[in-house]
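Worksheet: the structure to be examined is printed underneath.
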Amino acid sequence: MLISRNWLKDFVKIPDSLSAKELGLKLTMAMAEVEGFSDQKESLKGVVVGEILAIKKHPNADKLKLAVVNIGLKKLNVVCGGPNIEKGQKVPVATLGTLLPNGMKIEKVKVRGEESEGMLCAEDELGLGKDHSGIIILDKKSKVGESLAKVLGLDDVIYEIDNKSLTHRPDLWSQYGVAREVGAILGEKLKEYKVMVREPHHDTKLDIKVEDYKLCPRYMGVVLEGIEIAESPEWLKKRVSAIGMRPINNIVDITNYVMMEIGQPLHAFDYDKLEGHRIIVRTAKAGEKIKTLDDQERKLDDSMLVIADAKKPVAIAGVMGGANTEIDNKTKKIIIESANFDHVSIRKTEAKLGLRSEASIRFEKSLDPNISELGIKRAMELILQVCPKAKIVSKIEDVKKFNLNQGPIKVSFDFLNKKIGEEIEPKKVVSILESLGFEVRKQKDGLSVLVPTWRATKDVSIPEDMVEEVARIFGYDNLKIDMPLVAMERPEVNKERELERKIKNILAYGLAMSEVYNYSFNSEEQLKKTGLHVESHIKIANPLSSETTRLRISLLPNLLNNIIANERFFNEIKLFEVGSVYLKDEPGERLSDKKQEFLPYQEKHFAGVLVQKEDRVPFYSAKNVVESLFKKLHFSYQIKAAKTAPVWGSAGKTATIFLNGKQIGLITELNYNLYNKLGIDNKVGIFEFSLTELNKVYTDEMSYLAIPKFPSIDLDISMVIDKNILWGEIKEAVIDIEKDLIRKVTIFDVYQGKGIPEDKKSIAFRIEYRSDDKTLTMAEVQIIQQEVLKTLEEKFKAQIRK
Amino acid sequence: MELNLKKLKAQALKEIEGIKNSKEWQEIENKYFSRKSGELAKLLKDIKDVSEDLRPKLGALANEVKEEINKALQKKQADLGMEKDQELERDFIDVTLEIEKYKLGHLHPLTQVQMELEDIFKSMGFMILDGPELESDYYNFEALNIPSWHPARDSQDTFYIGDLKNSKGEKLVLRTQTSPVQIRAMQKYGAPLRCVVPGRVFRNEATDVSHDHTFYQLEGLMIDKDIAITHLVAVMKEMLSAIFKKEIKVRLRPGYFPFVEPGFELDFGCLICDGKGCPICKQSGWIEFVGSGLVHPNVLKAGGIDSKKWTGFAFGLGLTRLVMMKYKIDDIRLLQSGDLRFLNQF
């Protein structure tokens with residue numbers, strides 16, 4: 001949204017001493033963010049009027065010319081490519097050292113071997129428009145050497161206000177609305193918006209019918225004839241182009257002018273093109289189409305509001321007019337529409353059509369229906385001024401049914417002060433509110449405030465809104481800040497986050513893994529490749545790309561992508577991630593506090609992948625990480641050889657981890673078939689756990705074990721057994737023999753290969769015998785050891801090596 | 001006696017002369033100077049037995065001898081420095097060589113900054129909360145005073161879930177903000193309440209160096225008796241000073257968020273130029289950083305809190321943006337690239 005300082009000055013006094021920057025800052029601090037401003041005088045500094053004294057052909061370039069230009073004190077030789085220059089013309093000359101608005105700096109340069117001491121400028125180079133077809137030719141009377149800004153009367157400052165910061169302020173989509181704020185901020189009186197229009201004649205009848213007042217609370221129209229479509233006068237062109245609109249013709253420019261000035265979008269129909277000379281505001285009929293002013297054919301449906309004549313739609317209400325009733329050079333008689341449309345309906349139509357216009361941007365903010373009247377009268381006034389033969393030939397038709405909630409809002413001084421945190425004098429409060437157009441009546445301990453119509457559509461409706469009005473104009477910078485005084489309280493601990501932090505710290509700083517953050521999305525292609533069932537993954541209705549079509553149920557697929565990306569740079573890759581997964585079929589948190597409906601269950605997982613060149617069984621690396629982690633967390637868990645592996649896992653190399661009988665995760669290796677499919681070179685060890693489940697049973701309790709008082713006796717056993725017998729089972733069986741004295745069973749060698757039958761393996765382990773009560777004798781230990789050997793032979797058919 | 005002393009001196013000096021390395025030096029030093037068994041100690045003990053008239057003379061002599069032996073020993077020690085050089089030669093290694101035997105892993109920069117922020121807020125009595133990333137329309141919009149027609153929905157391009165709808169036919173969404181947890185927290189804990197919610201949010205936006213469809217926010221909420229604008233500013237100033245570890249200047253200006261009234265943008269004084277204006281702050285001297293405001297009565301109501309009795313403030317900041325500022329990261333997509341060349345720097 002662009003604001004012209006000169007235009008503001010039509011309505012409020014702005015002292016010249018207030019610099020462009022200072023005014024911008026004041027608006028930012030009290031109204032809405034000013035994103036930037038351009039000071040026309042500043043931006044055209046160094047550009048002066050020059051007279052072309054002579055033109056020669058450039059010796060080395062067909063399209064270039066050499067011009068001698070008089071800029072008063074000096075004559076300059078300038079190389080120029082403009083096709084339209086002629087001797088005797090007055091043109092804008094950017095002198096050496098000038099920084100043009102388009103960022104170009106003018107320096108003495110040689111262009112194709114010919115020296116150039118300046119530049120003759122086209123519209124776009126000066127930021128005055130988009131035209132680049134030729135050099136601007138100035139009025140013959142322009143004084144040579146005079147600054148261009150002065151000659152063109154460009155002494156304005158244009159502010160750009162962030163549109164997003166105005167979403168809730170329909171009143172600020174106009175110069176007048178901003179002028180009102182400037183008045184309040186500077187303490188200057190806002191001029192009344194006066195429209196002088198003669199009482200219209202009544203010979204032409206304009207028939208307006210509104211079918212649904214909710215969608216169109218007000219529709220005003222008036223007919224004018226004797227219109228001559230022509231170029232707008234300079235002042236009008238200058239005003240509209242200053243705030244970024246392209247001048248088109250007098251009528252269009254006037255409707256734009258009024259919209260920019262007061263915020264009321266207007267539309268002009270060619271009266272003669274309107275069948276039956278009627279206007280019907282109705283919803284579109286199924287199958288109806290309209291070609292809009294931008295030459296696009298638009299399909300309409302019955303949720304869209306249109307303006308129609310007796311037969312067909314002639315405009316999409318509040319969004320864009322139709323080509324079929326557009327004014328053109330032959331237009332003599334017009335209807336000016338000044339209406340108000342429902343913001344919700346406008347937004348829906350915009351979204352459906354993918355079409356937004358300056359008009360619809362305003363309507364979607366919920367405009368005050370009262371400005372329709374100001375708008376239409378202002379347009380009539382300007383048309384009569386600009387088209388001398390124009391006549392008003394109908395009465396101003398006004399079809400309306402609306403009701404604004406202007407309050408009054410009751411607000412106490414105590415409420416205001418408590419919310420602001422500082423006492424503001426009642427007198428000051430009243431003057432601030434009045435300067436913004438609120439009507440204030442004093443009551444006991446407070447005020448009764450009548451909301452002005454332009455703020456009453458949905459912006460201001462509760463006492464809290466008064467807090468904002470008073471505080472922002474008072475100045476947030478003027479408040480003395482202080483910390484809240486509240487009761488001391490110990491914040492409840494988020495156990496899951498604490499555990500997450502512990503796990504992250506151990507994995508990174510203990511086990512040397514690197515943490516990654518991956519997206520929550522999977523692509524269908526990626527899932528298929530990994531062998532995962534696509535339909536088990538929640539589907540995004542409007543994905544950004546094929547990469548964001550599904551929500552993950554496992555952290556693994558994206559971790560595999562990380563390996564692919566990193567493998568060519570690193571020999572060793574150890575990654576982990578902690579993040580949410582989204583499970584379709586289980587109920588999670590509630591959809592709302594009222595209904596018994598639930599979101600899909602979402603739990604936090606942590607997972608890791610380990611790759612190292614020449615690591616033959618990375619399963620063990622993964623297992624090592626998991627066991628170290630759990631040891632550090634003081635978890636005791638059960639590990640089991642899994643009968644089934646996930647589709648991406650290796651069937652023979654999968655272990656599941658149980659906690660209190662519940663499976664909480666698994667350790668595996670990447671499935672043999674996937675290396676080629678995914679393009680991964682080295683074997684991948686994998687673990688994935690549910691952090692949420694782990695947290696349910698986690699406590700950080702532990703008690704230390706006493707340091708041994710008596711020495712231990714270590715005995716080694718070496719044996720050959722069936723290769724499929726699990727070490728875990730052997731170990732358990734050994735410990736079971738004499739729990740109190742067998743303190744530790746440690747495997748130190750596993751061998752398969754030469755010298756051992758193919759279906760066998762050789763293992764060697766050490767048993768530590770120790771008592772807490774006395775020093776064990778070898779004789780005592782030997783008795784148990786014999787028992788152990790017997791068990792091994794009987795239970796596991798072990799051949800003990802002697 | 002006198003003779004003995006002189007003999008001892010001559011012998012000692014001779015032996016000292018013959019010392020070849022620091023080990024021998026230590027032995028000789030011990031031999032003469034040991035308190036209990038040293039030769040000098042023994043002689044001095046003998047002096048006690050000498051008649052009283054001779055004692056002063058002998059004592060002086062003994063001291064002289066002791067001094068001279070000591071001097072010779074000191075000199076020898078200095079000379080032995082040469083041997084140190086030999087040792088240096090023999091044991092030399094290149095101490096500047098890098099080895100990679102012990103390695104550390106890396107926590108993601110977002111994790112590091114988030115932990116730091118969580119600690120700051122915990123120290124100020126705030127709970128750290130989580131909420132679902134896949135949210136209902138109700139919590140993400142409706143309860144936050146953003147009904148379906150609201151223009152604020154335009155600025156938050158939303159990912160919708162196609163096949164999961166509630167009984168009203170509203171689609172589930174990937175939360176566009178951490179604010180839905182405000183409502184969940186109010187419903188669960190009531191007032192008074194102090195909490196922050198760091199978390200992942202989603203926007204259906206084309207990505208470039210400064211936009212990603214997934215990023216992190218930190219949401220904060222404080223509800224108590226008579227919470228005012230002045231409190232909000234003070235807490236934010238305290239928070240920012242803790243984050244940047246120095247006194248930070250802040251300013252408040254109007255901003256619009258449907259779930260607060262009044263709403264503010266909170267800027268802090270640019271740390272690069274100290275408020276003078278530089279390219280980082282676009283010459284304004286201020287960096288826009290926190291969206292905030294006093295909690296809208298409709299939002300308190302949705303959270304089941306009586307807005308007549310309680311008031312509060314809420315704020316939100318871009319955690320991802322903070323990380324990018326802190327480490328001067330110029331491409332947001334690096335954060336979720338999984339590229340170890342990036343991650344291993346942290």
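Labels for the structure tokens follow display order: chains A, B, ..., residues from 1 in each chain, ligands from 1.
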Q) Got a sec to pull out which chain B residues are within 6 Å of chain A, counting only C-alpha atoms, and send them as a PyMOL selection string? A) chain B and resi 103-108+125-127+136+149+160-162+228-231+234+252-253+262+336+338
Can you write just those residues out, N, CA and C atoms, as a PDB file, in the first residue's frame?
```pdb
ATOM      1  N   LYS B 103      36.948 -38.973  18.894  1.00  0.00           N
ATOM      2  CA  LYS B 103      36.106 -38.041  18.154  1.00  0.00           C
ATOM      3  C   LYS B 103      34.878 -37.687  18.961  1.00  0.00           C
ATOM      4  N   LEU B 104      34.365 -36.499  18.708  1.00  0.00           N
ATOM      5  CA  LEU B 104      33.104 -36.097  19.291  1.00  0.00           C
ATOM      6  C   LEU B 104      32.066 -36.076  18.184  1.00  0.00           C
ATOM      7  N   GLY B 105      30.819 -36.248  18.553  1.00  0.00           N
ATOM      8  CA  GLY B 105      29.764 -36.073  17.561  1.00  0.00           C
ATOM      9  C   GLY B 105      29.311 -34.627  17.583  1.00  0.00           C
ATOM     10  N   HIS B 106      28.159 -34.389  16.979  1.00  0.00           N
ATOM     11  CA  HIS B 106      27.701 -33.011  16.839  1.00  0.00           C
ATOM     12  C   HIS B 106      26.214 -32.926  17.092  1.00  0.00           C
ATOM     13  N   LEU B 107      25.834 -31.975  17.912  1.00  0.00           N
ATOM     14  CA  LEU B 107      24.407 -31.711  18.062  1.00  0.00           C
ATOM     15  C   LEU B 107      24.038 -30.654  17.031  1.00  0.00           C
ATOM     16  N   HIS B 108      22.882 -30.831  16.445  1.00  0.00           N
ATOM     17  CA  HIS B 108      22.395 -29.901  15.434  1.00  0.00           C
ATOM     18  C   HIS B 108      22.300 -28.492  16.039  1.00  0.00           C
ATOM     19  N   GLY B 125      11.061 -19.700  35.375  1.00  0.00           N
ATOM     20  CA  GLY B 125       9.844 -20.335  35.878  1.00  0.00           C
ATOM     21  C   GLY B 125       8.850 -20.767  34.812  1.00  0.00           C
ATOM     22  N   PHE B 126       9.304 -20.923  33.573  1.00  0.00           N
ATOM     23  CA  PHE B 126       8.408 -21.375  32.510  1.00  0.00           C
ATOM     24  C   PHE B 126       8.517 -22.896  32.330  1.00  0.00           C
ATOM     25  N   MET B 127       7.385 -23.533  32.071  1.00  0.00           N
ATOM     26  CA  MET B 127       7.385 -24.950  31.702  1.00  0.00           C
ATOM     27  C   MET B 127       7.769 -25.055  30.223  1.00  0.00           C
ATOM     28  N   SER B 136      -5.527 -30.117  14.560  1.00  0.00           N
ATOM     29  CA  SER B 136      -6.881 -29.906  14.052  1.00  0.00           C
ATOM     30  C   SER B 136      -7.021 -28.444  13.648  1.00  0.00           C
ATOM     31  N   TRP B 149     -12.994 -17.593   7.685  1.00  0.00           N
ATOM     32  CA  TRP B 149     -12.990 -16.508   6.694  1.00  0.00           C
ATOM     33  C   TRP B 149     -11.832 -15.549   6.914  1.00  0.00           C
ATOM     34  N   TYR B 160      -2.701 -29.362   4.145  1.00  0.00           N
ATOM     35  CA  TYR B 160      -3.882 -30.064   4.648  1.00  0.00           C
ATOM     36  C   TYR B 160      -3.728 -31.565   4.453  1.00  0.00           C
ATOM     37  N   ILE B 161      -4.404 -32.293   5.316  1.00  0.00           N
ATOM     38  CA  ILE B 161      -4.406 -33.741   5.182  1.00  0.00           C
ATOM     39  C   ILE B 161      -5.688 -34.119   4.469  1.00  0.00           C
ATOM     40  N   GLY B 162      -5.559 -34.797   3.360  1.00  0.00           N
ATOM     41  CA  GLY B 162      -6.709 -35.051   2.517  1.00  0.00           C
ATOM     42  C   GLY B 162      -7.757 -35.954   3.120  1.00  0.00           C
ATOM     43  N   ALA B 228       0.414  -6.808  32.197  1.00  0.00           N
ATOM     44  CA  ALA B 228       0.286  -5.596  31.389  1.00  0.00           C
ATOM     45  C   ALA B 228       1.327  -5.563  30.276  1.00  0.00           C
ATOM     46  N   ILE B 229       1.126  -4.598  29.379  1.00  0.00           N
ATOM     47  CA  ILE B 229       2.072  -4.414  28.271  1.00  0.00           C
ATOM     48  C   ILE B 229       3.482  -4.197  28.816  1.00  0.00           C
ATOM     49  N   THR B 230       3.568  -3.395  29.864  1.00  0.00           N
ATOM     50  CA  THR B 230       4.895  -3.065  30.421  1.00  0.00           C
ATOM     51  C   THR B 230       5.607  -4.330  30.912  1.00  0.00           C
ATOM     52  N   HIS B 231       4.835  -5.322  31.386  1.00  0.00           N
ATOM     53  CA  HIS B 231       5.441  -6.588  31.825  1.00  0.00           C
ATOM     54  C   HIS B 231       5.983  -7.369  30.632  1.00  0.00           C
ATOM     55  N   ALA B 234       9.214  -5.970  29.479  1.00  0.00           N
ATOM     56  CA  ALA B 234      10.308  -6.253  30.414  1.00  0.00           C
ATOM     57  C   ALA B 234      10.767  -7.704  30.293  1.00  0.00           C
ATOM     58  N   LEU B 252       8.678  -1.501  20.965  1.00  0.00           N
ATOM     59  CA  LEU B 252       7.403  -2.135  20.680  1.00  0.00           C
ATOM     60  C   LEU B 252       6.693  -1.283  19.657  1.00  0.00           C
ATOM     61  N   ARG B 253       6.072  -1.922  18.675  1.00  0.00           N
ATOM     62  CA  ARG B 253       5.246  -1.160  17.742  1.00  0.00           C
ATOM     63  C   ARG B 253       4.030  -2.000  17.382  1.00  0.00           C
ATOM     64  N   PRO B 262      -4.027  -5.890  22.631  1.00  0.00           N
ATOM     65  CA  PRO B 262      -3.345  -5.439  21.421  1.00  0.00           C
ATOM     66  C   PRO B 262      -2.203  -6.368  21.021  1.00  0.00           C
ATOM     67  N   GLN B 336      18.176 -28.517   7.196  1.00  0.00           N
ATOM     68  CA  GLN B 336      17.542 -29.828   7.104  1.00  0.00           C
ATOM     69  C   GLN B 336      18.075 -30.617   5.910  1.00  0.00           C
ATOM     70  N   GLY B 338      20.901 -32.480   6.136  1.00  0.00           N
ATOM     71  CA  GLY B 338      21.609 -33.676   6.584  1.00  0.00           C
ATOM     72  C   GLY B 338      23.036 -33.721   6.078  1.00  0.00           C
TER      73      GLY B 338
END
```
Q | Backbone DSSP call of strand (DSSP E or B) for region 226-345 of chain B, listed as JSON, numbers by chain | A | {"B": [250, 251, 252, 253, 254, 260, 261, 262, 263, 264, 265, 266, 267, 268, 269, 286, 287, 288, 289, 290, 291, 292, 293, 294, 295, 311, 312, 313, 314, 315, 316, 317, 318]}
Put those residues in a file: N, CA and C atoms, as a JSON list (two decimals), in the first residue's frame.
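The new file again02.json reads:
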```
[["chain", "number", "residue", "atom", "x", "y", "z"],
["B", 250, "VAL", "N", 15.06, -2.82, 23.37],
["B", 250, "VAL", "CA", 13.89, -3.29, 22.63],
["B", 250, "VAL", "C", 12.94, -2.13, 22.35],
["B", 251, "ARG", "N", 12.13, -2.31, 21.32],
["B", 251, "ARG", "CA", 11.05, -1.34, 21.09],
["B", 251, "ARG", "C", 9.81, -2.10, 20.64],
["B", 252, "LEU", "N", 8.68, -1.50, 20.97],
["B", 252, "LEU", "CA", 7.40, -2.14, 20.68],
["B", 252, "LEU", "C", 6.69, -1.28, 19.66],
["B", 253, "ARG", "N", 6.07, -1.92, 18.68],
["B", 253, "ARG", "CA", 5.25, -1.16, 17.74],
["B", 253, "ARG", "C", 4.03, -2.00, 17.38],
["B", 254, "PRO", "N", 3.00, -1.38, 16.82],
["B", 254, "PRO", "CA", 1.78, -2.15, 16.58],
["B", 254, "PRO", "C", 2.04, -3.29, 15.59],
["B", 260, "VAL", "N", -4.09, -12.08, 19.78],
["B", 260, "VAL", "CA", -3.75, -11.12, 20.83],
["B", 260, "VAL", "C", -4.46, -9.80, 20.57],
["B", 261, "GLU", "N", -4.66, -9.03, 21.63],
["B", 261, "GLU", "CA", -5.22, -7.69, 21.50],
["B", 261, "GLU", "C", -4.84, -6.91, 22.74],
["B", 262, "PRO", "N", -4.03, -5.89, 22.63],
["B", 262, "PRO", "CA", -3.35, -5.44, 21.42],
["B", 262, "PRO", "C", -2.20, -6.37, 21.02],
["B", 263, "GLY", "N", -1.82, -6.24, 19.75],
["B", 263, "GLY", "CA", -0.70, -7.04, 19.24],
["B", 263, "GLY", "C", 0.49, -6.16, 18.91],
["B", 264, "PHE", "N", 1.65, -6.73, 19.05],
["B", 264, "PHE", "CA", 2.87, -5.95, 18.81],
["B", 264, "PHE", "C", 3.90, -6.71, 18.00],
["B", 265, "GLU", "N", 4.71, -5.92, 17.33],
["B", 265, "GLU", "CA", 5.98, -6.43, 16.84],
["B", 265, "GLU", "C", 7.02, -5.90, 17.82],
["B", 266, "LEU", "N", 7.89, -6.79, 18.25],
["B", 266, "LEU", "CA", 8.94, -6.34, 19.16],
["B", 266, "LEU", "C", 10.27, -6.42, 18.42],
["B", 267, "ASP", "N", 10.94, -5.29, 18.34],
["B", 267, "ASP", "CA", 12.23, -5.22, 17.66],
["B", 267, "ASP", "C", 13.33, -5.11, 18.72],
["B", 268, "PHE", "N", 14.50, -5.61, 18.38],
["B", 268, "PHE", "CA", 15.62, -5.31, 19.29],
["B", 268, "PHE", "C", 16.68, -4.51, 18.54],
["B", 269, "GLY", "N", 17.44, -3.75, 19.29],
["B", 269, "GLY", "CA", 18.46, -2.88, 18.69],
["B", 269, "GLY", "C", 19.51, -3.74, 18.00],
["B", 286, "TRP", "N", 17.12, -1.48, 13.86],
["B", 286, "TRP", "CA", 16.31, -2.42, 14.63],
["B", 286, "TRP", "C", 16.08, -3.72, 13.87],
["B", 287, "ILE", "N", 15.99, -4.80, 14.60],
["B", 287, "ILE", "CA", 15.71, -6.10, 13.99],
["B", 287, "ILE", "C", 14.35, -6.59, 14.50],
["B", 288, "GLU", "N", 13.45, -6.86, 13.54],
["B", 288, "GLU", "CA", 12.13, -7.39, 13.92],
["B", 288, "GLU", "C", 12.30, -8.83, 14.36],
["B", 289, "PHE", "N", 11.82, -9.16, 15.55],
["B", 289, "PHE", "CA", 12.18, -10.49, 16.04],
["B", 289, "PHE", "C", 11.06, -11.25, 16.74],
["B", 290, "VAL", "N", 10.23, -10.54, 17.48],
["B", 290, "VAL", "CA", 9.22, -11.25, 18.26],
["B", 290, "VAL", "C", 7.85, -10.69, 17.95],
["B", 291, "GLY", "N", 6.91, -11.58, 17.64],
["B", 291, "GLY", "CA", 5.52, -11.17, 17.54],
["B", 291, "GLY", "C", 4.89, -11.42, 18.90],
["B", 292, "SER", "N", 4.09, -10.46, 19.39],
["B", 292, "SER", "CA", 3.61, -10.63, 20.75],
["B", 292, "SER", "C", 2.33, -9.85, 20.97],
["B", 293, "GLY", "N", 1.80, -9.97, 22.17],
["B", 293, "GLY", "CA", 0.61, -9.21, 22.50],
["B", 293, "GLY", "C", -0.03, -9.71, 23.78],
["B", 294, "LEU", "N", -1.07, -9.01, 24.20],
["B", 294, "LEU", "CA", -1.84, -9.49, 25.34],
["B", 294, "LEU", "C", -2.87, -10.48, 24.81],
["B", 295, "VAL", "N", -2.99, -11.60, 25.49],
["B", 295, "VAL", "CA", -3.85, -12.69, 25.00],
["B", 295, "VAL", "C", -5.29, -12.20, 24.82],
["B", 311, "THR", "N", -5.25, -12.18, 33.08],
["B", 311, "THR", "CA", -4.79, -11.64, 31.81],
["B", 311, "THR", "C", -3.44, -12.28, 31.51],
["B", 312, "GLY", "N", -2.98, -12.08, 30.31],
["B", 312, "GLY", "CA", -1.70, -12.70, 29.99],
["B", 312, "GLY", "C", -1.09, -12.13, 28.74],
["B", 313, "PHE", "N", 0.15, -12.50, 28.52],
["B", 313, "PHE", "CA", 0.77, -12.13, 27.25],
["B", 313, "PHE", "C", 1.28, -13.39, 26.56],
["B", 314, "ALA", "N", 1.39, -13.29, 25.26],
["B", 314, "ALA", "CA", 1.93, -14.40, 24.47],
["B", 314, "ALA", "C", 2.95, -13.82, 23.51],
["B", 315, "PHE", "N", 3.89, -14.64, 23.14],
["B", 315, "PHE", "CA", 4.89, -14.18, 22.17],
["B", 315, "PHE", "C", 5.38, -15.36, 21.36],
["B", 316, "GLY", "N", 5.95, -15.05, 20.22],
["B", 316, "GLY", "CA", 6.49, -16.11, 19.38],
["B", 316, "GLY", "C", 7.71, -15.59, 18.64],
["B", 317, "LEU", "N", 8.69, -16.44, 18.52],
["B", 317, "LEU", "CA", 9.86, -16.01, 17.76],
["B", 317, "LEU", "C", 10.34, -17.15, 16.90],
["B", 318, "GLY", "N", 11.11, -16.80, 15.89],
["B", 318, "GLY", "CA", 11.62, -17.81, 14.96],
["B", 318, "GLY", "C", 12.90, -18.40, 15.48]]
```
(Q) Report as a PyMOL selection string all protein, DNA and RNA residues lying within 6 Å of region 388-404 of chain A, evaluated on only C-alpha atoms, omitting residues in the same chain fewer than 3 positions from it. (A) chain A and resi 200-204+217-227+384
(Q) Please list as a ChimeraX atom specification every residue within 12 Å of Lys744 (chain A), counting only C-alpha atoms and excluding residues in the same chain fewer than 2 positions away. (A) /A:712-716,731-732,734-736,738-742,746-747,765-771
Q: Do a neighbour search on Arg441 (chain A) at 10 Å with only C-alpha atoms, toss out local chain neighbours closer than 2 positions, and write the hits as an NGL selection string.
A: :A and (408 or 410 or 430 or 438-439 or 443 or 446-450)
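Among the residues of region 227-317 of chain A, backbone DSSP assigns alpha helix (DSSP H) to Glu234, Trp235, Leu236, Lys237, Lys238, Arg239, Val240, Ser241, Ala242, Asn250, Ile251, Val252, Asp253, Ile254, Thr255, Asn256, Tyr257, Val258, Met259, Met260, Glu261 and Ile262 of chain A.
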N, CA and C atoms of the current selection, written as a compact mmCIF listing (two decimals), in the first residue's frame:
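File written: out_17.txt
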```
# COMPACT_ATOMS: atom_id res chain seq x y z
N GLU A 234 -2.97 16.45 -16.17
CA GLU A 234 -1.69 16.16 -15.55
C GLU A 234 -1.79 15.88 -14.05
N TRP A 235 -2.51 16.74 -13.33
CA TRP A 235 -2.56 16.59 -11.86
C TRP A 235 -3.10 15.23 -11.47
N LEU A 236 -4.07 14.76 -12.24
CA LEU A 236 -4.71 13.50 -11.92
C LEU A 236 -3.76 12.34 -12.25
N LYS A 237 -3.13 12.44 -13.42
CA LYS A 237 -2.17 11.40 -13.80
C LYS A 237 -1.04 11.32 -12.78
N LYS A 238 -0.59 12.51 -12.36
CA LYS A 238 0.52 12.57 -11.42
C LYS A 238 0.14 11.90 -10.10
N ARG A 239 -1.06 12.18 -9.61
CA ARG A 239 -1.48 11.62 -8.33
C ARG A 239 -1.57 10.09 -8.40
N VAL A 240 -2.25 9.59 -9.43
CA VAL A 240 -2.44 8.14 -9.46
C VAL A 240 -1.12 7.42 -9.74
N SER A 241 -0.27 8.02 -10.59
CA SER A 241 0.98 7.30 -10.86
C SER A 241 1.92 7.39 -9.66
N ALA A 242 1.79 8.46 -8.88
CA ALA A 242 2.65 8.58 -7.69
C ALA A 242 2.45 7.39 -6.76
N ASN A 250 -9.58 9.22 -18.33
CA ASN A 250 -10.13 10.08 -17.28
C ASN A 250 -11.08 9.35 -16.32
N ILE A 251 -11.99 8.53 -16.87
CA ILE A 251 -12.98 7.90 -16.00
C ILE A 251 -12.34 6.82 -15.11
N VAL A 252 -11.52 5.98 -15.74
CA VAL A 252 -10.86 4.94 -14.95
C VAL A 252 -9.94 5.59 -13.89
N ASP A 253 -9.23 6.62 -14.31
CA ASP A 253 -8.33 7.28 -13.36
C ASP A 253 -9.11 7.88 -12.18
N ILE A 254 -10.27 8.43 -12.48
CA ILE A 254 -11.07 9.02 -11.39
C ILE A 254 -11.56 7.93 -10.43
N THR A 255 -12.01 6.80 -10.98
CA THR A 255 -12.47 5.75 -10.06
C THR A 255 -11.29 5.26 -9.20
N ASN A 256 -10.11 5.14 -9.82
CA ASN A 256 -8.94 4.73 -9.04
C ASN A 256 -8.56 5.79 -8.01
N TYR A 257 -8.66 7.04 -8.43
CA TYR A 257 -8.31 8.14 -7.53
C TYR A 257 -9.17 8.10 -6.26
N VAL A 258 -10.45 7.92 -6.47
CA VAL A 258 -11.35 7.92 -5.33
C VAL A 258 -11.09 6.71 -4.43
N MET A 259 -10.83 5.56 -5.06
CA MET A 259 -10.53 4.37 -4.26
C MET A 259 -9.28 4.60 -3.40
N MET A 260 -8.28 5.22 -3.99
CA MET A 260 -7.05 5.45 -3.25
C MET A 260 -7.24 6.51 -2.17
N GLU A 261 -8.11 7.47 -2.46
CA GLU A 261 -8.27 8.57 -1.52
C GLU A 261 -9.12 8.21 -0.32
N ILE A 262 -10.26 7.54 -0.57
CA ILE A 262 -11.18 7.30 0.54
C ILE A 262 -11.33 5.81 0.85
```
Q | Distance query Glu2 (chain B) at most 8 Å, only C-alpha atoms, self and fewer than 2 positions along chain excluded, as a ChimeraX atom specification | A | /B:4-6,58,61
**Q.** Selection near Ser762 (chain A), 12 Å with only C-alpha atoms, sequence-local residues under 3 positions removed, as a PyMOL selection string
**A.** chain A and resi 717-725+727+747-759+765+798-801
